[in-house]
>>> print(open('start-v8.pdb').read())   # PDB, C-alpha atoms, pLDDT in the B column
ATOM      1  CA  MET A   1       0.451  16.281 -24.368  1.00 47.00           C
ATOM      2  CA  TYR A   2       4.210  16.679 -23.955  1.00 47.00           C
ATOM      3  CA  ARG A   3       3.826  20.239 -22.647  1.00 52.00           C
ATOM      4  CA  ARG A   4       1.135  19.152 -20.208  1.00 47.00           C
ATOM      5  CA  LEU A   5       3.430  16.428 -18.878  1.00 44.00           C
ATOM      6  CA  LEU A   6       6.274  18.916 -18.424  1.00 46.00           C
ATOM      7  CA  GLY A   7       3.923  21.294 -16.640  1.00 48.00           C
ATOM      8  CA  LEU A   8       2.780  18.552 -14.301  1.00 44.00           C
ATOM      9  CA  ILE A   9       6.377  17.589 -13.487  1.00 49.00           C
ATOM     10  CA  LYS A  10       7.307  21.222 -12.797  1.00 50.00           C
ATOM     11  CA  ASN A  11       4.416  21.538 -10.355  1.00 49.00           C
ATOM     12  CA  LEU A  12       5.634  18.552  -8.367  1.00 54.00           C
ATOM     13  CA  SER A  13       7.945  19.220  -5.449  1.00 65.00           C
ATOM     14  CA  TRP A  14      11.407  17.668  -5.456  1.00 68.00           C
ATOM     15  CA  ARG A  15      10.307  15.542  -2.492  1.00 70.00           C
ATOM     16  CA  VAL A  16       7.539  13.940  -4.517  1.00 76.00           C
ATOM     17  CA  VAL A  17       9.808  13.430  -7.522  1.00 76.00           C
ATOM     18  CA  THR A  18      12.454  11.795  -5.335  1.00 78.00           C
ATOM     19  CA  ALA A  19       9.878   9.564  -3.658  1.00 80.00           C
ATOM     20  CA  LEU A  20       8.455   8.502  -7.012  1.00 81.00           C
ATOM     21  CA  ALA A  21      11.975   7.765  -8.267  1.00 84.00           C
ATOM     22  CA  VAL A  22      12.616   5.536  -5.241  1.00 86.00           C
ATOM     23  CA  PHE A  23       9.281   3.813  -5.846  1.00 86.00           C
ATOM     24  CA  SER A  24      10.148   3.195  -9.495  1.00 89.00           C
ATOM     25  CA  VAL A  25      13.631   1.836  -8.781  1.00 90.00           C
ATOM     26  CA  GLY A  26      12.385  -0.388  -5.947  1.00 89.00           C
ATOM     27  CA  SER A  27       9.507  -1.736  -8.003  1.00 91.00           C
ATOM     28  CA  ILE A  28      11.661  -2.480 -11.030  1.00 93.00           C
ATOM     29  CA  ALA A  29      14.283  -4.184  -8.866  1.00 93.00           C
ATOM     30  CA  PHE A  30      11.598  -6.310  -7.218  1.00 93.00           C
ATOM     31  CA  VAL A  31      10.109  -7.361 -10.544  1.00 93.00           C
ATOM     32  CA  ALA A  32      13.556  -8.326 -11.856  1.00 94.00           C
ATOM     33  CA  LEU A  33      14.319 -10.374  -8.735  1.00 95.00           C
ATOM     34  CA  ALA A  34      10.872 -11.975  -8.740  1.00 94.00           C
ATOM     35  CA  LYS A  35      11.428 -13.165 -12.313  1.00 94.00           C
ATOM     36  CA  GLU A  36      14.719 -14.782 -11.295  1.00 94.00           C
ATOM     37  CA  VAL A  37      13.042 -16.461  -8.328  1.00 94.00           C
ATOM     38  CA  ARG A  38      10.143 -17.707 -10.439  1.00 93.00           C
ATOM     39  CA  ASP A  39      12.594 -19.275 -12.887  1.00 92.00           C
ATOM     40  CA  ASN A  40      14.598 -20.853 -10.008  1.00 91.00           C
ATOM     41  CA  GLU A  41      17.713 -18.982 -11.087  1.00 93.00           C
ATOM     42  CA  THR A  42      18.524 -18.008  -7.498  1.00 94.00           C
ATOM     43  CA  LEU A  43      17.748 -21.305  -5.779  1.00 94.00           C
ATOM     44  CA  GLN A  44      21.265 -22.736  -5.682  1.00 95.00           C
ATOM     45  CA  LEU A  45      22.797 -19.554  -4.256  1.00 95.00           C
ATOM     46  CA  ASP A  46      19.910 -19.238  -1.795  1.00 96.00           C
ATOM     47  CA  ARG A  47      20.569 -22.725  -0.489  1.00 96.00           C
ATOM     48  CA  GLU A  48      24.323 -22.242  -0.257  1.00 96.00           C
ATOM     49  CA  ILE A  49      23.901 -19.081   1.816  1.00 96.00           C
ATOM     50  CA  LEU A  50      21.425 -20.734   4.175  1.00 96.00           C
ATOM     51  CA  LEU A  51      23.630 -23.780   4.678  1.00 96.00           C
ATOM     52  CA  GLY A  52      26.615 -21.507   5.283  1.00 96.00           C
ATOM     53  CA  ILE A  53      24.711 -19.654   8.007  1.00 95.00           C
ATOM     54  CA  HIS A  54      23.419 -22.878   9.547  1.00 95.00           C
ATOM     55  CA  HIS A  55      26.974 -24.174   9.851  1.00 93.00           C
ATOM     56  CA  TYR A  56      27.507 -21.719  12.727  1.00 93.00           C
ATOM     57  CA  ALA A  57      24.275 -22.540  14.574  1.00 94.00           C
ATOM     58  CA  THR A  58      24.483 -23.109  18.337  1.00 94.00           C
ATOM     59  CA  PRO A  59      21.825 -23.665  21.042  1.00 94.00           C
ATOM     60  CA  THR A  60      22.500 -20.173  22.407  1.00 96.00           C
ATOM     61  CA  LEU A  61      22.074 -18.518  19.016  1.00 95.00           C
ATOM     62  CA  ASP A  62      18.958 -20.618  18.450  1.00 94.00           C
ATOM     63  CA  SER A  63      17.362 -19.127  21.564  1.00 94.00           C
ATOM     64  CA  ILE A  64      18.405 -15.579  20.687  1.00 96.00           C
ATOM     65  CA  ALA A  65      17.141 -15.877  17.101  1.00 96.00           C
ATOM     66  CA  ARG A  66      13.767 -17.226  18.200  1.00 94.00           C
ATOM     67  CA  ILE A  67      13.306 -14.198  20.465  1.00 95.00           C
ATOM     68  CA  LEU A  68      14.564 -11.523  18.087  1.00 96.00           C
ATOM     69  CA  THR A  69      12.581 -12.783  15.096  1.00 95.00           C
ATOM     70  CA  HIS A  70       9.316 -11.855  16.857  1.00 94.00           C
ATOM     71  CA  PHE A  71      10.252  -8.166  16.563  1.00 94.00           C
ATOM     72  CA  GLY A  72       9.327  -8.389  12.884  1.00 93.00           C
ATOM     73  CA  GLY A  73       6.209 -10.471  13.408  1.00 91.00           C
ATOM     74  CA  VAL A  74       2.459  -9.984  13.259  1.00 88.00           C
ATOM     75  CA  VAL A  75       2.184  -9.052  16.942  1.00 92.00           C
ATOM     76  CA  VAL A  76       5.103  -6.733  17.649  1.00 95.00           C
ATOM     77  CA  VAL A  77       5.110  -4.677  14.435  1.00 96.00           C
ATOM     78  CA  PRO A  78       1.431  -3.636  14.635  1.00 94.00           C
ATOM     79  CA  ILE A  79       1.877  -2.684  18.282  1.00 95.00           C
ATOM     80  CA  LEU A  80       4.971  -0.632  17.486  1.00 95.00           C
ATOM     81  CA  ALA A  81       3.205   0.993  14.540  1.00 95.00           C
ATOM     82  CA  LEU A  82       0.228   2.011  16.677  1.00 95.00           C
ATOM     83  CA  VAL A  83       2.405   3.372  19.483  1.00 95.00           C
ATOM     84  CA  ILE A  84       4.645   5.329  17.107  1.00 94.00           C
ATOM     85  CA  ALA A  85       1.667   6.615  15.107  1.00 94.00           C
ATOM     86  CA  GLY A  86       0.116   7.820  18.372  1.00 93.00           C
ATOM     87  CA  LEU A  87       3.295   9.666  19.307  1.00 92.00           C
ATOM     88  CA  PHE A  88       3.576  11.232  15.856  1.00 91.00           C
ATOM     89  CA  LEU A  89      -0.093  12.259  15.974  1.00 89.00           C
ATOM     90  CA  LYS A  90       0.583  14.137  19.181  1.00 86.00           C
ATOM     91  CA  LYS A  91       3.964  15.632  18.265  1.00 82.00           C
ATOM     92  CA  LEU A  92       3.964  16.051  14.469  1.00 82.00           C
ATOM     93  CA  GLY A  93       0.389  15.902  13.228  1.00 83.00           C
ATOM     94  CA  ARG A  94      -2.191  13.604  11.663  1.00 86.00           C
ATOM     95  CA  SER A  95      -0.480  13.197   8.276  1.00 87.00           C
ATOM     96  CA  TYR A  96       2.648  11.755   9.904  1.00 89.00           C
ATOM     97  CA  ALA A  97       0.600   9.277  11.911  1.00 92.00           C
ATOM     98  CA  LEU A  98      -1.261   8.240   8.756  1.00 92.00           C
ATOM     99  CA  LEU A  99       2.059   7.839   6.958  1.00 93.00           C
ATOM    100  CA  ILE A 100       3.133   5.247   9.552  1.00 94.00           C
ATOM    101  CA  LEU A 101      -0.175   3.383   9.506  1.00 94.00           C
ATOM    102  CA  CYS A 102      -0.583   3.367   5.729  1.00 93.00           C
ATOM    103  CA  GLY A 103       3.030   2.323   5.269  1.00 94.00           C
ATOM    104  CA  VAL A 104       2.722  -0.681   7.569  1.00 95.00           C
ATOM    105  CA  VAL A 105      -0.850  -1.768   6.833  1.00 95.00           C
ATOM    106  CA  GLY A 106      -0.518  -1.379   3.069  1.00 94.00           C
ATOM    107  CA  SER A 107       2.753  -3.282   3.072  1.00 94.00           C
ATOM    108  CA  SER A 108       1.153  -6.162   4.982  1.00 93.00           C
ATOM    109  CA  LEU A 109      -1.761  -6.419   2.560  1.00 94.00           C
ATOM    110  CA  LEU A 110       0.586  -6.296  -0.418  1.00 94.00           C
ATOM    111  CA  ASN A 111       2.695  -9.040   1.137  1.00 95.00           C
ATOM    112  CA  LEU A 112      -0.304 -11.339   1.557  1.00 93.00           C
ATOM    113  CA  LEU A 113      -1.298 -10.785  -2.068  1.00 95.00           C
ATOM    114  CA  LEU A 114       2.165 -11.504  -3.436  1.00 95.00           C
ATOM    115  CA  LYS A 115       2.718 -14.564  -1.247  1.00 95.00           C
ATOM    116  CA  THR A 116      -0.428 -16.064  -2.749  1.00 94.00           C
ATOM    117  CA  LEU A 117       0.578 -15.018  -6.249  1.00 93.00           C
ATOM    118  CA  PHE A 118       4.069 -16.580  -6.128  1.00 93.00           C
ATOM    119  CA  SER A 119       3.231 -19.476  -3.771  1.00 90.00           C
ATOM    120  CA  ARG A 120       6.896 -20.215  -3.109  1.00 93.00           C
ATOM    121  CA  ALA A 121       7.461 -23.047  -0.641  1.00 92.00           C
ATOM    122  CA  ARG A 122       9.634 -22.365   2.372  1.00 94.00           C
ATOM    123  CA  PRO A 123      13.133 -23.866   2.638  1.00 94.00           C
ATOM    124  CA  GLN A 124      13.376 -27.447   3.906  1.00 90.00           C
ATOM    125  CA  LEU A 125      17.112 -27.770   4.439  1.00 89.00           C
ATOM    126  CA  TRP A 126      17.070 -28.837   8.102  1.00 87.00           C
ATOM    127  CA  GLU A 127      14.650 -29.322  10.973  1.00 85.00           C
ATOM    128  CA  ARG A 128      13.412 -25.812  11.673  1.00 82.00           C
ATOM    129  CA  LEU A 129      13.024 -24.351  15.146  1.00 80.00           C
ATOM    130  CA  VAL A 130       9.987 -22.311  14.134  1.00 82.00           C
ATOM    131  CA  VAL A 131       7.175 -23.097  11.740  1.00 78.00           C
ATOM    132  CA  GLY A 132       6.067 -20.788   8.946  1.00 73.00           C
ATOM    133  CA  HIS A 133       2.463 -21.336   7.897  1.00 77.00           C
ATOM    134  CA  SER A 134       2.361 -19.046   4.868  1.00 84.00           C
ATOM    135  CA  PHE A 135       4.315 -18.989   1.631  1.00 91.00           C
ATOM    136  CA  SER A 136       7.898 -17.794   1.495  1.00 93.00           C
ATOM    137  CA  PHE A 137       8.180 -15.028  -1.122  1.00 95.00           C
ATOM    138  CA  PRO A 138       8.437 -12.218  -0.224  1.00 95.00           C
ATOM    139  CA  SER A 139       9.232 -12.378   3.493  1.00 95.00           C
ATOM    140  CA  GLY A 140       6.483 -10.916   5.657  1.00 94.00           C
ATOM    141  CA  HIS A 141       8.873 -10.218   8.526  1.00 96.00           C
ATOM    142  CA  ALA A 142      11.283  -8.419   6.188  1.00 97.00           C
ATOM    143  CA  MET A 143       8.502  -6.336   4.661  1.00 96.00           C
ATOM    144  CA  ALA A 144       6.904  -5.480   7.994  1.00 96.00           C
ATOM    145  CA  SER A 145      10.144  -4.399   9.672  1.00 97.00           C
ATOM    146  CA  ALA A 146      11.331  -2.497   6.588  1.00 97.00           C
ATOM    147  CA  SER A 147       8.020  -0.728   6.030  1.00 97.00           C
ATOM    148  CA  LEU A 148       7.895   0.341   9.684  1.00 97.00           C
ATOM    149  CA  SER A 149      11.489   1.567   9.594  1.00 96.00           C
ATOM    150  CA  ALA A 150      11.109   3.321   6.238  1.00 96.00           C
ATOM    151  CA  SER A 151       7.888   5.003   7.371  1.00 95.00           C
ATOM    152  CA  ILE A 152       9.587   6.357  10.477  1.00 95.00           C
ATOM    153  CA  VAL A 153      12.530   7.604   8.420  1.00 94.00           C
ATOM    154  CA  ALA A 154      10.163   9.287   5.966  1.00 91.00           C
ATOM    155  CA  ALA A 155       8.227  10.961   8.777  1.00 90.00           C
ATOM    156  CA  LEU A 156      11.423  12.200  10.442  1.00 92.00           C
ATOM    157  CA  TRP A 157      13.260  13.094   7.235  1.00 86.00           C
ATOM    158  CA  TYR A 158      13.097  16.842   7.833  1.00 84.00           C
ATOM    159  CA  THR A 159      14.011  16.680  11.499  1.00 87.00           C
ATOM    160  CA  ARG A 160      17.304  16.306  13.347  1.00 89.00           C
ATOM    161  CA  TRP A 161      16.347  12.701  14.126  1.00 91.00           C
ATOM    162  CA  ARG A 162      16.666  11.586  10.496  1.00 91.00           C
ATOM    163  CA  TRP A 163      20.071   9.905  10.707  1.00 94.00           C
ATOM    164  CA  THR A 164      19.280   8.305  14.041  1.00 95.00           C
ATOM    165  CA  ALA A 165      16.147   6.807  12.490  1.00 95.00           C
ATOM    166  CA  ILE A 166      18.113   5.563   9.485  1.00 96.00           C
ATOM    167  CA  LEU A 167      20.801   3.931  11.635  1.00 97.00           C
ATOM    168  CA  LEU A 168      18.380   2.274  14.049  1.00 96.00           C
ATOM    169  CA  GLY A 169      16.149   1.206  11.171  1.00 96.00           C
ATOM    170  CA  MET A 170      19.019  -0.459   9.340  1.00 96.00           C
ATOM    171  CA  VAL A 171      20.045  -2.356  12.468  1.00 97.00           C
ATOM    172  CA  TYR A 172      16.441  -3.397  13.095  1.00 97.00           C
ATOM    173  CA  ILE A 173      15.681  -4.739   9.622  1.00 97.00           C
ATOM    174  CA  THR A 174      19.084  -6.440   9.374  1.00 97.00           C
ATOM    175  CA  VAL A 175      18.605  -8.271  12.671  1.00 97.00           C
ATOM    176  CA  VAL A 176      15.066  -9.368  11.805  1.00 97.00           C
ATOM    177  CA  GLY A 177      16.088 -10.430   8.297  1.00 97.00           C
ATOM    178  CA  PHE A 178      19.075 -12.415   9.556  1.00 97.00           C
ATOM    179  CA  THR A 179      16.966 -14.287  12.115  1.00 97.00           C
ATOM    180  CA  ARG A 180      14.682 -15.487   9.330  1.00 96.00           C
ATOM    181  CA  LEU A 181      17.706 -16.880   7.486  1.00 97.00           C
ATOM    182  CA  TYR A 182      19.271 -18.348  10.609  1.00 96.00           C
ATOM    183  CA  LEU A 183      16.022 -20.105  11.503  1.00 95.00           C
ATOM    184  CA  GLY A 184      15.747 -21.450   7.960  1.00 93.00           C
ATOM    185  CA  VAL A 185      12.256 -20.169   7.279  1.00 94.00           C
ATOM    186  CA  HIS A 186      13.191 -17.921   4.358  1.00 95.00           C
ATOM    187  CA  TYR A 187      15.586 -17.796   1.443  1.00 96.00           C
ATOM    188  CA  PRO A 188      17.863 -14.730   1.148  1.00 97.00           C
ATOM    189  CA  THR A 189      15.943 -13.607  -1.931  1.00 97.00           C
ATOM    190  CA  ASP A 190      12.727 -13.606   0.129  1.00 97.00           C
ATOM    191  CA  ILE A 191      14.336 -11.145   2.524  1.00 97.00           C
ATOM    192  CA  VAL A 192      15.811  -8.877  -0.153  1.00 97.00           C
ATOM    193  CA  ALA A 193      12.533  -8.837  -2.081  1.00 96.00           C
ATOM    194  CA  GLY A 194      10.670  -7.875   1.083  1.00 96.00           C
ATOM    195  CA  TRP A 195      13.036  -4.982   1.697  1.00 97.00           C
ATOM    196  CA  MET A 196      12.768  -3.753  -1.905  1.00 96.00           C
ATOM    197  CA  LEU A 197       9.004  -3.847  -1.964  1.00 95.00           C
ATOM    198  CA  ALA A 198       8.574  -2.256   1.455  1.00 96.00           C
ATOM    199  CA  ILE A 199      10.799   0.684   0.563  1.00 94.00           C
ATOM    200  CA  ALA A 200       9.023   1.119  -2.781  1.00 95.00           C
ATOM    201  CA  TRP A 201       5.623   1.060  -1.086  1.00 95.00           C
ATOM    202  CA  VAL A 202       6.574   3.542   1.635  1.00 95.00           C
ATOM    203  CA  ALA A 203       8.069   5.850  -1.020  1.00 93.00           C
ATOM    204  CA  ALA A 204       4.719   5.831  -2.818  1.00 91.00           C
ATOM    205  CA  VAL A 205       2.869   6.573   0.435  1.00 91.00           C
ATOM    206  CA  PHE A 206       5.306   9.375   1.206  1.00 89.00           C
ATOM    207  CA  ALA A 207       4.691  10.894  -2.229  1.00 84.00           C
ATOM    208  CA  ILE A 208       0.950  10.886  -1.548  1.00 82.00           C
ATOM    209  CA  PHE A 209       1.299  12.562   1.839  1.00 76.00           C
ATOM    210  CA  SER A 210       3.919  15.116   0.706  1.00 66.00           C
TER     211      SER A 210
END
>>> encode(input="start-v8.pdb", output="structure tokens")
Amino acid sequence: MYRRLLGLIKNLSWRVVTALAVFSVGSIAFVALAKEVRDNETLQLDREILLGIHHYATPTLDSIARILTHFGGVVVVPILALVIAGLFLKKLGRSYALLILCGVVGSSLLNLLLKTLFSRARPQLWERLVVGHSFSFPSGHAMASASLSASIVAALWYTRWRWTAILLGMVYITVVGFTRLYLGVHYPTDIVAGWMLAIAWVAAVFAIFS
């Protein structure tokens, strides 16, 4: 049994091993954070961070945040995913297009499942400018934006566009995540959990398509 396991590992490419390692680390980190959230260990810090952000709220920032937050929503992300998958299908091949679609679609389905499982209520610290109709943990906007960004990075990893994709992806998910905090519709741990899980999921998809 031990020899068979070693043989299987040797037959795996370093790309698959790395992807599986990222999946394992991301999954373990998510489980650890989810346990803390379930036990309300993070609630006080979550609230303090949100109130600290809200202290700097202005009408101008309110308007900007309400616009930018849609870039991680259920309309914009699917459209971006389809457009980018179409471009990758034409330029890079079918497997790269499927990587984008599976990364985003699978992440969305996983998010819906976990929201129902944890059933965490959204923050109610002030009168919110936008209304969230689903549960809070993990953040759907954070997962959607991170899964899209991570999928693009994975698809472009062996091209000269890798670092550009990483930089733009980090800016994108940070902006979307911050708008959710600014608008008071998510706790910080919702955002971080969404990022962790999205990266873990995309790593697993990448391992499959490698």
>>> axis_aligned_box(input="start-v8.pdb", around="region 77-80 of chain A", padding_each_side="4 Å", output="JSON")
{"center_x": 3.3, "center_y": -2.7, "center_z": 16.4, "size_x": 11.7, "size_y": 12.0, "size_z": 11.8}
>>> resolve_selection(input="start-v8.pdb", expression="the PyMOL selection byres ((chain A and resi 139) around 10)", output="list in words")
Asn111, Leu112, Leu114, Lys115, Ser134, Phe135, Ser136, Phe137, Pro138, Gly140, His141, Ala142, Met143, Ala144, Gly177, Arg180, Val185, His186, Tyr187, Pro188, Thr189, Asp190, Ile191, Val192, Ala193, Gly194 and Trp195 of chain A
>>> resolve_selection(input="start-v8.pdb", expression="the PyMOL selection byres ((chain A and resi 103) around 12)", output="PDB file with C-alpha atoms, in the frame of the given file")
ATOM      1  CA  VAL A  77       5.110  -4.677  14.435  1.00 96.00           C
ATOM      2  CA  PRO A  78       1.431  -3.636  14.635  1.00 94.00           C
ATOM      3  CA  ALA A  81       3.205   0.993  14.540  1.00 95.00           C
ATOM      4  CA  LEU A  82       0.228   2.011  16.677  1.00 95.00           C
ATOM      5  CA  ALA A  85       1.667   6.615  15.107  1.00 94.00           C
ATOM      6  CA  SER A  95      -0.480  13.197   8.276  1.00 87.00           C
ATOM      7  CA  TYR A  96       2.648  11.755   9.904  1.00 89.00           C
ATOM      8  CA  ALA A  97       0.600   9.277  11.911  1.00 92.00           C
ATOM      9  CA  LEU A  98      -1.261   8.240   8.756  1.00 92.00           C
ATOM     10  CA  LEU A  99       2.059   7.839   6.958  1.00 93.00           C
ATOM     11  CA  ILE A 100       3.133   5.247   9.552  1.00 94.00           C
ATOM     12  CA  LEU A 101      -0.175   3.383   9.506  1.00 94.00           C
ATOM     13  CA  CYS A 102      -0.583   3.367   5.729  1.00 93.00           C
ATOM     14  CA  VAL A 104       2.722  -0.681   7.569  1.00 95.00           C
ATOM     15  CA  VAL A 105      -0.850  -1.768   6.833  1.00 95.00           C
ATOM     16  CA  GLY A 106      -0.518  -1.379   3.069  1.00 94.00           C
ATOM     17  CA  SER A 107       2.753  -3.282   3.072  1.00 94.00           C
ATOM     18  CA  SER A 108       1.153  -6.162   4.982  1.00 93.00           C
ATOM     19  CA  LEU A 109      -1.761  -6.419   2.560  1.00 94.00           C
ATOM     20  CA  LEU A 110       0.586  -6.296  -0.418  1.00 94.00           C
ATOM     21  CA  MET A 143       8.502  -6.336   4.661  1.00 96.00           C
ATOM     22  CA  ALA A 144       6.904  -5.480   7.994  1.00 96.00           C
ATOM     23  CA  SER A 145      10.144  -4.399   9.672  1.00 97.00           C
ATOM     24  CA  ALA A 146      11.331  -2.497   6.588  1.00 97.00           C
ATOM     25  CA  SER A 147       8.020  -0.728   6.030  1.00 97.00           C
ATOM     26  CA  LEU A 148       7.895   0.341   9.684  1.00 97.00           C
ATOM     27  CA  SER A 149      11.489   1.567   9.594  1.00 96.00           C
ATOM     28  CA  ALA A 150      11.109   3.321   6.238  1.00 96.00           C
ATOM     29  CA  SER A 151       7.888   5.003   7.371  1.00 95.00           C
ATOM     30  CA  ILE A 152       9.587   6.357  10.477  1.00 95.00           C
ATOM     31  CA  VAL A 153      12.530   7.604   8.420  1.00 94.00           C
ATOM     32  CA  ALA A 154      10.163   9.287   5.966  1.00 91.00           C
ATOM     33  CA  ALA A 155       8.227  10.961   8.777  1.00 90.00           C
ATOM     34  CA  LEU A 197       9.004  -3.847  -1.964  1.00 95.00           C
ATOM     35  CA  ALA A 198       8.574  -2.256   1.455  1.00 96.00           C
ATOM     36  CA  ILE A 199      10.799   0.684   0.563  1.00 94.00           C
ATOM     37  CA  ALA A 200       9.023   1.119  -2.781  1.00 95.00           C
ATOM     38  CA  TRP A 201       5.623   1.060  -1.086  1.00 95.00           C
ATOM     39  CA  VAL A 202       6.574   3.542   1.635  1.00 95.00           C
ATOM     40  CA  ALA A 203       8.069   5.850  -1.020  1.00 93.00           C
ATOM     41  CA  ALA A 204       4.719   5.831  -2.818  1.00 91.00           C
ATOM     42  CA  VAL A 205       2.869   6.573   0.435  1.00 91.00           C
ATOM     43  CA  PHE A 206       5.306   9.375   1.206  1.00 89.00           C
ATOM     44  CA  ALA A 207       4.691  10.894  -2.229  1.00 84.00           C
ATOM     45  CA  ILE A 208       0.950  10.886  -1.548  1.00 82.00           C
ATOM     46  CA  PHE A 209       1.299  12.562   1.839  1.00 76.00           C
TER      47      PHE A 209
END
>>> residues_around(input="start-v8.pdb", residues="region 124-132 of chain A", least_positions_apart="4", cutoff="9 Å", atoms="all atoms listed in the file", output="mmCIF file with C-alpha atoms, in the coordinates of the input")
data_model
loop_
_atom_site.group_PDB
_atom_site.id
_atom_site.type_symbol
_atom_site.label_atom_id
_atom_site.label_comp_id
_atom_site.auth_asym_id
_atom_site.auth_seq_id
_atom_site.Cartn_x
_atom_site.Cartn_y
_atom_site.Cartn_z
ATOM 1 C CA ARG A 47 20.569 -22.725 -0.489
ATOM 2 C CA LEU A 50 21.425 -20.734 4.175
ATOM 3 C CA LEU A 51 23.630 -23.780 4.678
ATOM 4 C CA HIS A 54 23.419 -22.878 9.547
ATOM 5 C CA ASP A 62 18.958 -20.618 18.450
ATOM 6 C CA ARG A 66 13.767 -17.226 18.200
ATOM 7 C CA SER A 136 7.898 -17.794 1.495
ATOM 8 C CA LEU A 183 16.022 -20.105 11.503
ATOM 9 C CA GLY A 184 15.747 -21.450 7.960
ATOM 10 C CA VAL A 185 12.256 -20.169 7.279
ATOM 11 C CA HIS A 186 13.191 -17.921 4.358
#
>>> resolve_selection(input="start-v8.pdb", expression="the PyMOL selection byres ((chain A and resi 176) around 9)", output="PDB file with C-alpha atoms, in the coordinates of the input")
ATOM      1  CA  ALA A  65      17.141 -15.877  17.101  1.00 96.00           C
ATOM      2  CA  LEU A  68      14.564 -11.523  18.087  1.00 96.00           C
ATOM      3  CA  THR A  69      12.581 -12.783  15.096  1.00 95.00           C
ATOM      4  CA  HIS A  70       9.316 -11.855  16.857  1.00 94.00           C
ATOM      5  CA  PHE A  71      10.252  -8.166  16.563  1.00 94.00           C
ATOM      6  CA  GLY A  72       9.327  -8.389  12.884  1.00 93.00           C
ATOM      7  CA  HIS A 141       8.873 -10.218   8.526  1.00 96.00           C
ATOM      8  CA  ALA A 142      11.283  -8.419   6.188  1.00 97.00           C
ATOM      9  CA  SER A 145      10.144  -4.399   9.672  1.00 97.00           C
ATOM     10  CA  VAL A 171      20.045  -2.356  12.468  1.00 97.00           C
ATOM     11  CA  TYR A 172      16.441  -3.397  13.095  1.00 97.00           C
ATOM     12  CA  ILE A 173      15.681  -4.739   9.622  1.00 97.00           C
ATOM     13  CA  THR A 174      19.084  -6.440   9.374  1.00 97.00           C
ATOM     14  CA  VAL A 175      18.605  -8.271  12.671  1.00 97.00           C
ATOM     15  CA  GLY A 177      16.088 -10.430   8.297  1.00 97.00           C
ATOM     16  CA  PHE A 178      19.075 -12.415   9.556  1.00 97.00           C
ATOM     17  CA  THR A 179      16.966 -14.287  12.115  1.00 97.00           C
ATOM     18  CA  ARG A 180      14.682 -15.487   9.330  1.00 96.00           C
TER      19      ARG A 180
END
>>> closest_residue(input="start-v8.pdb", among="A:Leu33, A:Ile49, A:Val17, A:Arg38", to="Leu117 (chain A)", atoms="only C-alpha atoms")
A:Arg38
>>> atom_distance(input="start-v8.pdb", atom1="CA of Gly26 (chain A)", atom2="CA of Arg162 (chain A)")
20.8 Å
>>> atom_distance(input="start-v8.pdb", atom1="CA of Val37 (chain A)", atom2="CA of Val22 (chain A)")
22.2 Å
>>> atom_distance(input="start-v8.pdb", atom1="CA of Tyr182 (chain A)", atom2="CA of Ile53 (chain A)")
6.2 Å
